[in-house]
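Written below as structure tokens is the structure these notes are about.
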Amino acid sequence: LARAAELRARMDERRTVRQFSTDAVPEQVVKDAIACAATAPSGAHQQPWTFVLVKDAEVRRRIRRAAEEEEHRSYAGRLGEEWLAALRPLGTDEVKPHLTDAPALIVVFQQRYWLGPDGAKRKHYYVDESVGIAVGMLLSALHLSGLAALVHTPSPMRFLGEVLGRPVNEKAFAVIPVGYPAADCEVPDLVRKSLDQVMVEL
């Protein structure tokens, strides 16, 4: 009971951060968080994920440049007014400094199917669900380790596979900047739904 209460309190402190310090973070901490994510359950235990840890500053600049081009198209009208209205309280726009300020990016890819070295293919099952669970575990591990993170999903994300040289069976799922919050970091004053609002007992 005590451990559960402590975990609940610590996870309630988790916030999404968009303003990152450029200070380096311990690489092993990030790798341990990825290792935790890789323990996630997956359909038929096929583990259909790849985590690309990007530390190289030039690669991060290339990712930011390509992401901002896509985001410009989205904010210029591709998203639609309803979606833009939902984003306004968060203060987001097409400029994405977190992609170069954060000292590390974890780009998560779905393996849509298994691809052997000889080109053989094998279907993967419940890929979206499996990778989504793994990302949730990754965010929890990063937070509990003392690091901040953001789930960034530029759309479309094909450029990520191209920039990072990923094989054709992999599809980008999310870009997760990782680091410490900037000294002047601000987060939206959001209120989470109560347990009574999200849980039904029978």
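Residues in the structure tokens are named by chain (A, B, ... in the order shown) and by number from 1 within that chain; ligands are numbered from 1 in the order shown.
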Filtered DSSP result for range 81-199 of chain A, state strand (DSSP E), as a PyMOL selection string: chain A and resi 104-111+113-115+121-123+148-149+170-179
Pull N, CA and C atoms from the residues just selected and write them as an mmCIF file, in the first residue's frame.
```cif
data_model
loop_
_atom_site.group_PDB
_atom_site.id
_atom_site.type_symbol
_atom_site.label_atom_id
_atom_site.label_comp_id
_atom_site.auth_asym_id
_atom_site.auth_seq_id
_atom_site.Cartn_x
_atom_site.Cartn_y
_atom_site.Cartn_z
ATOM 1 N N ALA A 104 18.945 14.904 -25.905
ATOM 2 C CA ALA A 104 18.714 13.587 -26.499
ATOM 3 C C ALA A 104 17.296 13.507 -27.038
ATOM 4 N N LEU A 105 17.158 12.792 -28.127
ATOM 5 C CA LEU A 105 15.846 12.456 -28.668
ATOM 6 C C LEU A 105 15.746 10.934 -28.713
ATOM 7 N N ILE A 106 14.597 10.430 -28.322
ATOM 8 C CA ILE A 106 14.312 9.012 -28.531
ATOM 9 C C ILE A 106 13.234 8.949 -29.600
ATOM 10 N N VAL A 107 13.595 8.443 -30.761
ATOM 11 C CA VAL A 107 12.620 8.303 -31.842
ATOM 12 C C VAL A 107 12.151 6.853 -31.832
ATOM 13 N N VAL A 108 10.866 6.677 -31.606
ATOM 14 C CA VAL A 108 10.295 5.337 -31.478
ATOM 15 C C VAL A 108 9.678 4.930 -32.813
ATOM 16 N N PHE A 109 10.055 3.756 -33.274
ATOM 17 C CA PHE A 109 9.523 3.221 -34.523
ATOM 18 C C PHE A 109 8.727 1.951 -34.252
ATOM 19 N N GLN A 110 7.643 1.798 -35.006
ATOM 20 C CA GLN A 110 6.896 0.544 -35.028
ATOM 21 C C GLN A 110 7.495 -0.351 -36.102
ATOM 22 N N GLN A 111 7.703 -1.592 -35.782
ATOM 23 C CA GLN A 111 8.058 -2.566 -36.818
ATOM 24 C C GLN A 111 6.751 -3.159 -37.342
ATOM 25 N N TYR A 113 6.111 -5.085 -39.680
ATOM 26 C CA TYR A 113 6.257 -6.520 -39.913
ATOM 27 C C TYR A 113 7.720 -6.873 -39.703
ATOM 28 N N TRP A 114 7.990 -8.163 -39.445
ATOM 29 C CA TRP A 114 9.362 -8.610 -39.302
ATOM 30 C C TRP A 114 9.998 -8.710 -40.670
ATOM 31 N N LEU A 115 11.225 -8.250 -40.791
ATOM 32 C CA LEU A 115 11.942 -8.293 -42.056
ATOM 33 C C LEU A 115 13.277 -8.975 -41.842
ATOM 34 N N LYS A 121 9.455 -11.795 -44.966
ATOM 35 C CA LYS A 121 8.564 -11.005 -44.137
ATOM 36 C C LYS A 121 7.700 -11.920 -43.274
ATOM 37 N N ARG A 122 7.346 -11.419 -42.077
ATOM 38 C CA ARG A 122 6.424 -12.126 -41.203
ATOM 39 C C ARG A 122 5.542 -11.097 -40.508
ATOM 40 N N LYS A 123 4.262 -11.341 -40.490
ATOM 41 C CA LYS A 123 3.307 -10.386 -39.923
ATOM 42 C C LYS A 123 3.524 -10.197 -38.431
ATOM 43 N N ALA A 148 12.807 14.880 -17.747
ATOM 44 C CA ALA A 148 11.582 15.390 -18.354
ATOM 45 C C ALA A 148 11.506 14.910 -19.795
ATOM 46 N N ALA A 149 10.289 14.851 -20.319
ATOM 47 C CA ALA A 149 10.103 14.360 -21.681
ATOM 48 C C ALA A 149 8.875 15.013 -22.310
ATOM 49 N N GLU A 170 9.825 -0.308 -40.837
ATOM 50 C CA GLU A 170 9.644 0.514 -39.641
ATOM 51 C C GLU A 170 8.918 1.814 -39.976
ATOM 52 N N LYS A 171 7.974 2.167 -39.119
ATOM 53 C CA LYS A 171 7.189 3.388 -39.275
ATOM 54 C C LYS A 171 7.328 4.218 -38.001
ATOM 55 N N ALA A 172 7.647 5.504 -38.148
ATOM 56 C CA ALA A 172 7.833 6.361 -36.971
ATOM 57 C C ALA A 172 6.538 6.470 -36.174
ATOM 58 N N PHE A 173 6.666 6.377 -34.862
ATOM 59 C CA PHE A 173 5.516 6.434 -33.952
ATOM 60 C C PHE A 173 5.516 7.721 -33.135
ATOM 61 N N ALA A 174 6.698 8.151 -32.673
ATOM 62 C CA ALA A 174 6.791 9.365 -31.854
ATOM 63 C C ALA A 174 8.245 9.780 -31.730
ATOM 64 N N VAL A 175 8.438 11.080 -31.528
ATOM 65 C CA VAL A 175 9.742 11.643 -31.189
ATOM 66 C C VAL A 175 9.648 12.117 -29.742
ATOM 67 N N ILE A 176 10.568 11.674 -28.899
ATOM 68 C CA ILE A 176 10.498 12.006 -27.481
ATOM 69 C C ILE A 176 11.776 12.734 -27.067
ATOM 70 N N PRO A 177 11.757 14.077 -27.024
ATOM 71 C CA PRO A 177 12.899 14.806 -26.460
ATOM 72 C C PRO A 177 13.032 14.481 -24.971
ATOM 73 N N VAL A 178 14.271 14.350 -24.515
ATOM 74 C CA VAL A 178 14.548 13.973 -23.130
ATOM 75 C C VAL A 178 15.617 14.900 -22.570
ATOM 76 N N GLY A 179 15.398 15.376 -21.352
ATOM 77 C CA GLY A 179 16.411 16.208 -20.718
ATOM 78 C C GLY A 179 15.905 16.761 -19.401
#
```
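Distances here use only C-alpha atoms; by that measure, the residue among A:Ala141, A:Leu150, A:Ala120, A:Ala85 closest to Ala33 in chain A is A:Ala141.
Atom pair CA of Leu84 in chain A / CA of Glu162 in chain A: separated by 27.7 Å.
Residues within 9 Å of range 126-128 of chain A, counting only C-alpha atoms and excluding same-chain residues fewer than 2 positions away, are A:Ser42, A:Gly43, A:Ala44, A:Gln46, A:Gln47, A:Pro48, A:Trp49, A:Gln110, A:Gln111, A:Arg112, A:Tyr113, A:His124, A:Ser130, A:Val131, A:Gly132, A:Ile133, A:Phe173.
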Store the residues of this selection in a file with all heavy atoms, as a tab-separated table (two decimals), in the first residue's frame.
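Everything below was put into out_5.tsv:
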```
chain	number	residue	atom	x	y	z
A	42	SER	N	3.69	-7.36	-25.49
A	42	SER	CA	3.44	-7.13	-26.91
A	42	SER	C	2.70	-8.31	-27.52
A	42	SER	O	2.78	-9.43	-27.00
A	42	SER	CB	4.76	-6.90	-27.66
A	42	SER	OG	5.62	-8.02	-27.55
A	43	GLY	N	1.98	-8.04	-28.58
A	43	GLY	CA	1.22	-9.09	-29.25
A	43	GLY	C	2.11	-10.24	-29.69
A	43	GLY	O	3.10	-10.04	-30.39
A	44	ALA	N	1.79	-11.45	-29.24
A	44	ALA	CA	2.55	-12.66	-29.55
A	44	ALA	C	4.02	-12.52	-29.16
A	44	ALA	O	4.89	-13.19	-29.71
A	44	ALA	CB	2.44	-13.01	-31.05
A	46	GLN	N	6.15	-10.33	-29.88
A	46	GLN	CA	6.99	-10.02	-31.04
A	46	GLN	C	7.81	-8.76	-30.86
A	46	GLN	O	8.69	-8.47	-31.68
A	46	GLN	CB	6.11	-9.92	-32.29
A	46	GLN	CG	5.53	-11.28	-32.69
A	46	GLN	CD	4.55	-11.18	-33.83
A	46	GLN	OE1	3.77	-10.23	-33.92
A	46	GLN	NE2	4.59	-12.15	-34.70
A	47	GLN	N	7.55	-7.99	-29.81
A	47	GLN	CA	8.35	-6.81	-29.46
A	47	GLN	C	8.62	-5.94	-30.69
A	47	GLN	O	9.77	-5.71	-31.06
A	47	GLN	CB	9.67	-7.27	-28.81
A	47	GLN	CG	9.45	-8.18	-27.61
A	47	GLN	CD	10.72	-8.90	-27.19
A	47	GLN	OE1	11.53	-8.33	-26.46
A	47	GLN	NE2	10.88	-10.14	-27.63
A	48	PRO	N	7.55	-5.40	-31.30
A	48	PRO	CA	7.68	-4.74	-32.60
A	48	PRO	C	8.09	-3.28	-32.49
A	48	PRO	O	7.41	-2.38	-32.99
A	48	PRO	CB	6.27	-4.88	-33.18
A	48	PRO	CG	5.39	-4.75	-31.96
A	48	PRO	CD	6.14	-5.45	-30.85
A	49	TRP	N	9.20	-3.02	-31.83
A	49	TRP	CA	9.62	-1.64	-31.62
A	49	TRP	C	11.12	-1.48	-31.83
A	49	TRP	O	11.91	-2.41	-31.67
A	49	TRP	CB	9.25	-1.18	-30.20
A	49	TRP	CG	9.54	-2.18	-29.14
A	49	TRP	CD1	10.76	-2.71	-28.78
A	49	TRP	CD2	8.59	-2.84	-28.29
A	49	TRP	NE1	10.63	-3.62	-27.76
A	49	TRP	CE2	9.32	-3.73	-27.43
A	49	TRP	CE3	7.21	-2.75	-28.15
A	49	TRP	CZ2	8.68	-4.52	-26.48
A	49	TRP	CZ3	6.59	-3.54	-27.19
A	49	TRP	CH2	7.32	-4.41	-26.37
A	110	GLN	N	7.64	1.80	-35.01
A	110	GLN	CA	6.90	0.54	-35.03
A	110	GLN	C	7.49	-0.35	-36.10
A	110	GLN	O	7.74	0.11	-37.22
A	110	GLN	CB	5.44	0.78	-35.41
A	110	GLN	CG	4.66	1.73	-34.56
A	110	GLN	CD	3.29	2.00	-35.20
A	110	GLN	OE1	3.21	2.35	-36.38
A	110	GLN	NE2	2.24	1.84	-34.44
A	111	GLN	N	7.70	-1.59	-35.78
A	111	GLN	CA	8.06	-2.57	-36.82
A	111	GLN	C	6.75	-3.16	-37.34
A	111	GLN	O	6.16	-4.02	-36.71
A	111	GLN	CB	8.97	-3.65	-36.25
A	111	GLN	CG	10.30	-3.12	-35.74
A	111	GLN	CD	11.11	-4.17	-35.03
A	111	GLN	OE1	10.78	-5.36	-35.03
A	111	GLN	NE2	12.20	-3.76	-34.39
A	112	ARG	N	6.29	-2.65	-38.47
A	112	ARG	CA	4.98	-3.06	-39.00
A	112	ARG	C	4.96	-4.55	-39.34
A	112	ARG	O	3.93	-5.20	-39.30
A	112	ARG	CB	4.63	-2.24	-40.23
A	112	ARG	CG	4.59	-0.74	-40.02
A	112	ARG	CD	3.68	-0.33	-38.88
A	112	ARG	NE	2.30	-0.76	-39.09
A	112	ARG	CZ	1.32	-0.61	-38.21
A	112	ARG	NH1	1.57	-0.08	-37.03
A	112	ARG	NH2	0.11	-1.00	-38.48
A	113	TYR	N	6.11	-5.09	-39.68
A	113	TYR	CA	6.26	-6.52	-39.91
A	113	TYR	C	7.72	-6.87	-39.70
A	113	TYR	O	8.59	-6.00	-39.73
A	113	TYR	CB	5.80	-6.92	-41.32
A	113	TYR	CG	6.43	-6.11	-42.44
A	113	TYR	CD1	7.63	-6.50	-43.03
A	113	TYR	CD2	5.82	-4.94	-42.89
A	113	TYR	CE1	8.21	-5.75	-44.04
A	113	TYR	CE2	6.40	-4.19	-43.91
A	113	TYR	CZ	7.59	-4.60	-44.48
A	113	TYR	OH	8.17	-3.85	-45.47
A	124	HIS	N	3.40	-8.95	-37.97
A	124	HIS	CA	3.36	-8.65	-36.54
A	124	HIS	C	1.92	-8.36	-36.13
A	124	HIS	O	1.13	-7.88	-36.94
A	124	HIS	CB	4.25	-7.45	-36.21
A	124	HIS	CG	5.70	-7.79	-36.08
A	124	HIS	ND1	6.70	-6.84	-36.05
A	124	HIS	CD2	6.34	-8.99	-35.96
A	124	HIS	CE1	7.87	-7.43	-35.91
A	124	HIS	NE2	7.68	-8.72	-35.86
A	130	SER	N	0.96	-2.50	-28.83
A	130	SER	CA	2.22	-2.88	-28.19
A	130	SER	C	3.17	-1.69	-28.05
A	130	SER	O	3.74	-1.45	-26.98
A	130	SER	CB	2.90	-3.99	-29.01
A	130	SER	OG	2.07	-5.13	-29.12
A	131	VAL	N	3.32	-0.93	-29.14
A	131	VAL	CA	4.25	0.20	-29.10
A	131	VAL	C	3.70	1.30	-28.21
A	131	VAL	O	4.46	1.97	-27.49
A	131	VAL	CB	4.54	0.71	-30.53
A	131	VAL	CG1	5.46	1.92	-30.50
A	131	VAL	CG2	5.18	-0.40	-31.36
A	132	GLY	N	2.38	1.50	-28.21
A	132	GLY	CA	1.79	2.50	-27.32
A	132	GLY	C	2.05	2.18	-25.85
A	132	GLY	O	2.38	3.08	-25.06
A	133	ILE	N	1.92	0.92	-25.48
A	133	ILE	CA	2.21	0.52	-24.11
A	133	ILE	C	3.68	0.76	-23.78
A	133	ILE	O	4.02	1.29	-22.70
A	133	ILE	CB	1.85	-0.97	-23.89
A	133	ILE	CG1	0.34	-1.17	-24.00
A	133	ILE	CG2	2.36	-1.47	-22.54
A	133	ILE	CD1	-0.08	-2.64	-24.10
A	173	PHE	N	6.67	6.38	-34.86
A	173	PHE	CA	5.52	6.43	-33.95
A	173	PHE	C	5.52	7.72	-33.14
A	173	PHE	O	4.47	8.32	-32.92
A	173	PHE	CB	5.56	5.22	-33.02
A	173	PHE	CG	4.37	5.08	-32.12
A	173	PHE	CD1	3.21	4.47	-32.57
A	173	PHE	CD2	4.41	5.52	-30.79
A	173	PHE	CE1	2.09	4.33	-31.74
A	173	PHE	CE2	3.31	5.37	-29.96
A	173	PHE	CZ	2.15	4.78	-30.44
```
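Checking A:Pro97, A:Pro41, A:Pro26, A:Pro167 one by one against Met137 in chain A, counting only C-alpha atoms, you find the shortest gap at A:Pro41.
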Using only C-alpha atoms: which of A:Asp12, A:Glu70, A:Asp56, A:Glu27 has the shortest distance to Arg158 in chain A: A:Glu70
For CA of Leu79 in chain A and CA of Leu99 in chain A, the interatomic separation in Å (one decimal): 20.8 Å
For Cys36 in chain A, work out the shell of residues within 10 Å, counting only C-alpha atoms and skipping chain neighbours fewer than 2 positions away, then give it as a PDB file with all heavy atoms, in the first residue's frame.
```pdb
ATOM      1  N   VAL A  30      19.103   7.250 -19.523  1.00  0.00           N
ATOM      2  CA  VAL A  30      18.219   7.165 -20.695  1.00  0.00           C
ATOM      3  C   VAL A  30      18.171   5.735 -21.221  1.00  0.00           C
ATOM      4  O   VAL A  30      17.100   5.210 -21.548  1.00  0.00           O
ATOM      5  CB  VAL A  30      18.684   8.137 -21.791  1.00  0.00           C
ATOM      6  CG1 VAL A  30      17.766   8.045 -23.008  1.00  0.00           C
ATOM      7  CG2 VAL A  30      18.715   9.564 -21.259  1.00  0.00           C
ATOM      8  N   LYS A  31      19.324   5.081 -21.272  1.00  0.00           N
ATOM      9  CA  LYS A  31      19.360   3.704 -21.758  1.00  0.00           C
ATOM     10  C   LYS A  31      18.592   2.768 -20.833  1.00  0.00           C
ATOM     11  O   LYS A  31      17.909   1.835 -21.288  1.00  0.00           O
ATOM     12  CB  LYS A  31      20.809   3.248 -21.923  1.00  0.00           C
ATOM     13  CG  LYS A  31      21.520   3.917 -23.085  1.00  0.00           C
ATOM     14  CD  LYS A  31      22.947   3.405 -23.243  1.00  0.00           C
ATOM     15  CE  LYS A  31      23.616   4.016 -24.468  1.00  0.00           C
ATOM     16  NZ  LYS A  31      25.019   3.541 -24.632  1.00  0.00           N
ATOM     17  N   ASP A  32      18.697   3.002 -19.533  1.00  0.00           N
ATOM     18  CA  ASP A  32      17.936   2.177 -18.594  1.00  0.00           C
ATOM     19  C   ASP A  32      16.433   2.372 -18.779  1.00  0.00           C
ATOM     20  O   ASP A  32      15.653   1.414 -18.673  1.00  0.00           O
ATOM     21  CB  ASP A  32      18.334   2.510 -17.154  1.00  0.00           C
ATOM     22  CG  ASP A  32      19.694   1.924 -16.768  1.00  0.00           C
ATOM     23  OD1 ASP A  32      20.185   1.023 -17.469  1.00  0.00           O
ATOM     24  OD2 ASP A  32      20.259   2.397 -15.759  1.00  0.00           O
ATOM     25  N   ALA A  33      16.008   3.610 -19.064  1.00  0.00           N
ATOM     26  CA  ALA A  33      14.590   3.875 -19.308  1.00  0.00           C
ATOM     27  C   ALA A  33      14.117   3.154 -20.566  1.00  0.00           C
ATOM     28  O   ALA A  33      13.009   2.595 -20.599  1.00  0.00           O
ATOM     29  CB  ALA A  33      14.341   5.379 -19.422  1.00  0.00           C
ATOM     30  N   ILE A  34      14.946   3.163 -21.602  1.00  0.00           N
ATOM     31  CA  ILE A  34      14.589   2.442 -22.826  1.00  0.00           C
ATOM     32  C   ILE A  34      14.511   0.938 -22.552  1.00  0.00           C
ATOM     33  O   ILE A  34      13.604   0.242 -23.037  1.00  0.00           O
ATOM     34  CB  ILE A  34      15.603   2.749 -23.941  1.00  0.00           C
ATOM     35  CG1 ILE A  34      15.494   4.220 -24.367  1.00  0.00           C
ATOM     36  CG2 ILE A  34      15.386   1.831 -25.149  1.00  0.00           C
ATOM     37  CD1 ILE A  34      16.560   4.675 -25.345  1.00  0.00           C
ATOM     38  N   ALA A  38      11.317  -1.606 -23.070  1.00  0.00           N
ATOM     39  CA  ALA A  38      11.407  -2.835 -23.859  1.00  0.00           C
ATOM     40  C   ALA A  38      10.907  -4.061 -23.107  1.00  0.00           C
ATOM     41  O   ALA A  38      10.829  -5.143 -23.682  1.00  0.00           O
ATOM     42  CB  ALA A  38      12.845  -3.055 -24.332  1.00  0.00           C
ATOM     43  N   THR A  39      10.543  -3.901 -21.826  1.00  0.00           N
ATOM     44  CA  THR A  39       9.919  -5.008 -21.090  1.00  0.00           C
ATOM     45  C   THR A  39       8.407  -5.017 -21.273  1.00  0.00           C
ATOM     46  O   THR A  39       7.726  -5.877 -20.710  1.00  0.00           O
ATOM     47  CB  THR A  39      10.226  -4.922 -19.581  1.00  0.00           C
ATOM     48  OG1 THR A  39       9.527  -3.803 -19.004  1.00  0.00           O
ATOM     49  CG2 THR A  39      11.720  -4.793 -19.309  1.00  0.00           C
ATOM     50  N   ALA A  40       7.874  -4.092 -22.059  1.00  0.00           N
ATOM     51  CA  ALA A  40       6.426  -3.980 -22.230  1.00  0.00           C
ATOM     52  C   ALA A  40       5.851  -5.260 -22.845  1.00  0.00           C
ATOM     53  O   ALA A  40       6.515  -5.936 -23.640  1.00  0.00           O
ATOM     54  CB  ALA A  40       6.099  -2.788 -23.124  1.00  0.00           C
ATOM     55  N   ALA A 134       4.569   0.425 -24.705  1.00  0.00           N
ATOM     56  CA  ALA A 134       6.004   0.619 -24.472  1.00  0.00           C
ATOM     57  C   ALA A 134       6.347   2.090 -24.282  1.00  0.00           C
ATOM     58  O   ALA A 134       7.162   2.443 -23.420  1.00  0.00           O
ATOM     59  CB  ALA A 134       6.809   0.026 -25.631  1.00  0.00           C
ATOM     60  N   MET A 137       5.360   3.178 -20.830  1.00  0.00           N
ATOM     61  CA  MET A 137       6.336   2.716 -19.843  1.00  0.00           C
ATOM     62  C   MET A 137       7.625   3.522 -19.930  1.00  0.00           C
ATOM     63  O   MET A 137       8.268   3.800 -18.907  1.00  0.00           O
ATOM     64  CB  MET A 137       6.603   1.226 -20.038  1.00  0.00           C
ATOM     65  CG  MET A 137       5.395   0.368 -19.690  1.00  0.00           C
ATOM     66  SD  MET A 137       5.621  -1.413 -19.950  1.00  0.00           S
ATOM     67  CE  MET A 137       6.925  -1.779 -18.775  1.00  0.00           C
ATOM     68  N   LEU A 138       8.002   3.932 -21.139  1.00  0.00           N
ATOM     69  CA  LEU A 138       9.195   4.770 -21.313  1.00  0.00           C
ATOM     70  C   LEU A 138       9.022   6.112 -20.608  1.00  0.00           C
ATOM     71  O   LEU A 138       9.916   6.567 -19.882  1.00  0.00           O
ATOM     72  CB  LEU A 138       9.457   4.981 -22.802  1.00  0.00           C
ATOM     73  CG  LEU A 138      10.598   5.925 -23.169  1.00  0.00           C
ATOM     74  CD1 LEU A 138      11.933   5.421 -22.634  1.00  0.00           C
ATOM     75  CD2 LEU A 138      10.660   6.116 -24.683  1.00  0.00           C
ATOM     76  N   LEU A 139       7.870   6.753 -20.800  1.00  0.00           N
ATOM     77  CA  LEU A 139       7.615   8.042 -20.155  1.00  0.00           C
ATOM     78  C   LEU A 139       7.639   7.908 -18.636  1.00  0.00           C
ATOM     79  O   LEU A 139       8.173   8.773 -17.934  1.00  0.00           O
ATOM     80  CB  LEU A 139       6.276   8.606 -20.614  1.00  0.00           C
ATOM     81  CG  LEU A 139       6.156   8.948 -22.096  1.00  0.00           C
ATOM     82  CD1 LEU A 139       4.727   9.357 -22.422  1.00  0.00           C
ATOM     83  CD2 LEU A 139       7.126  10.043 -22.494  1.00  0.00           C
ATOM     84  N   SER A 140       7.063   6.834 -18.127  1.00  0.00           N
ATOM     85  CA  SER A 140       7.067   6.613 -16.679  1.00  0.00           C
ATOM     86  C   SER A 140       8.488   6.422 -16.163  1.00  0.00           C
ATOM     87  O   SER A 140       8.877   6.995 -15.144  1.00  0.00           O
ATOM     88  CB  SER A 140       6.220   5.384 -16.329  1.00  0.00           C
ATOM     89  OG  SER A 140       4.862   5.586 -16.692  1.00  0.00           O
ATOM     90  N   ALA A 141       9.275   5.618 -16.875  1.00  0.00           N
ATOM     91  CA  ALA A 141      10.644   5.356 -16.438  1.00  0.00           C
ATOM     92  C   ALA A 141      11.484   6.630 -16.453  1.00  0.00           C
ATOM     93  O   ALA A 141      12.270   6.878 -15.533  1.00  0.00           O
ATOM     94  CB  ALA A 141      11.278   4.286 -17.330  1.00  0.00           C
ATOM     95  N   LEU A 142      11.322   7.443 -17.491  1.00  0.00           N
ATOM     96  CA  LEU A 142      12.074   8.704 -17.562  1.00  0.00           C
ATOM     97  C   LEU A 142      11.690   9.621 -16.405  1.00  0.00           C
ATOM     98  O   LEU A 142      12.553  10.211 -15.745  1.00  0.00           O
ATOM     99  CB  LEU A 142      11.811   9.398 -18.904  1.00  0.00           C
ATOM    100  CG  LEU A 142      12.409   8.717 -20.140  1.00  0.00           C
ATOM    101  CD1 LEU A 142      11.820   9.321 -21.406  1.00  0.00           C
ATOM    102  CD2 LEU A 142      13.933   8.835 -20.144  1.00  0.00           C
TER     103      LEU A 142
END
```
A:Gly146, A:Glu186, A:Val163, A:Val135 ranked by distance to Ala35 in chain A, top pick (using only C-alpha atoms): A:Val135
In range 15-190 of chain A, DSSP alpha helix (DSSP H) residues written as a PyMOL selection string: chain A and resi 27-37+57-73+81-87+98-101+127-144+158-164
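Nearest-residue note for Val59 in chain A: choosing from A:Gly136, A:Pro181, A:Gly165, A:Pro154, the minimum distance belongs to A:Gly165, counting only C-alpha atoms.
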Top pick for closest residue to Asn169 in chain A, considering A:Ser21, A:Gly119, A:Ser194, A:Pro156 and counting only C-alpha atoms: A:Gly119
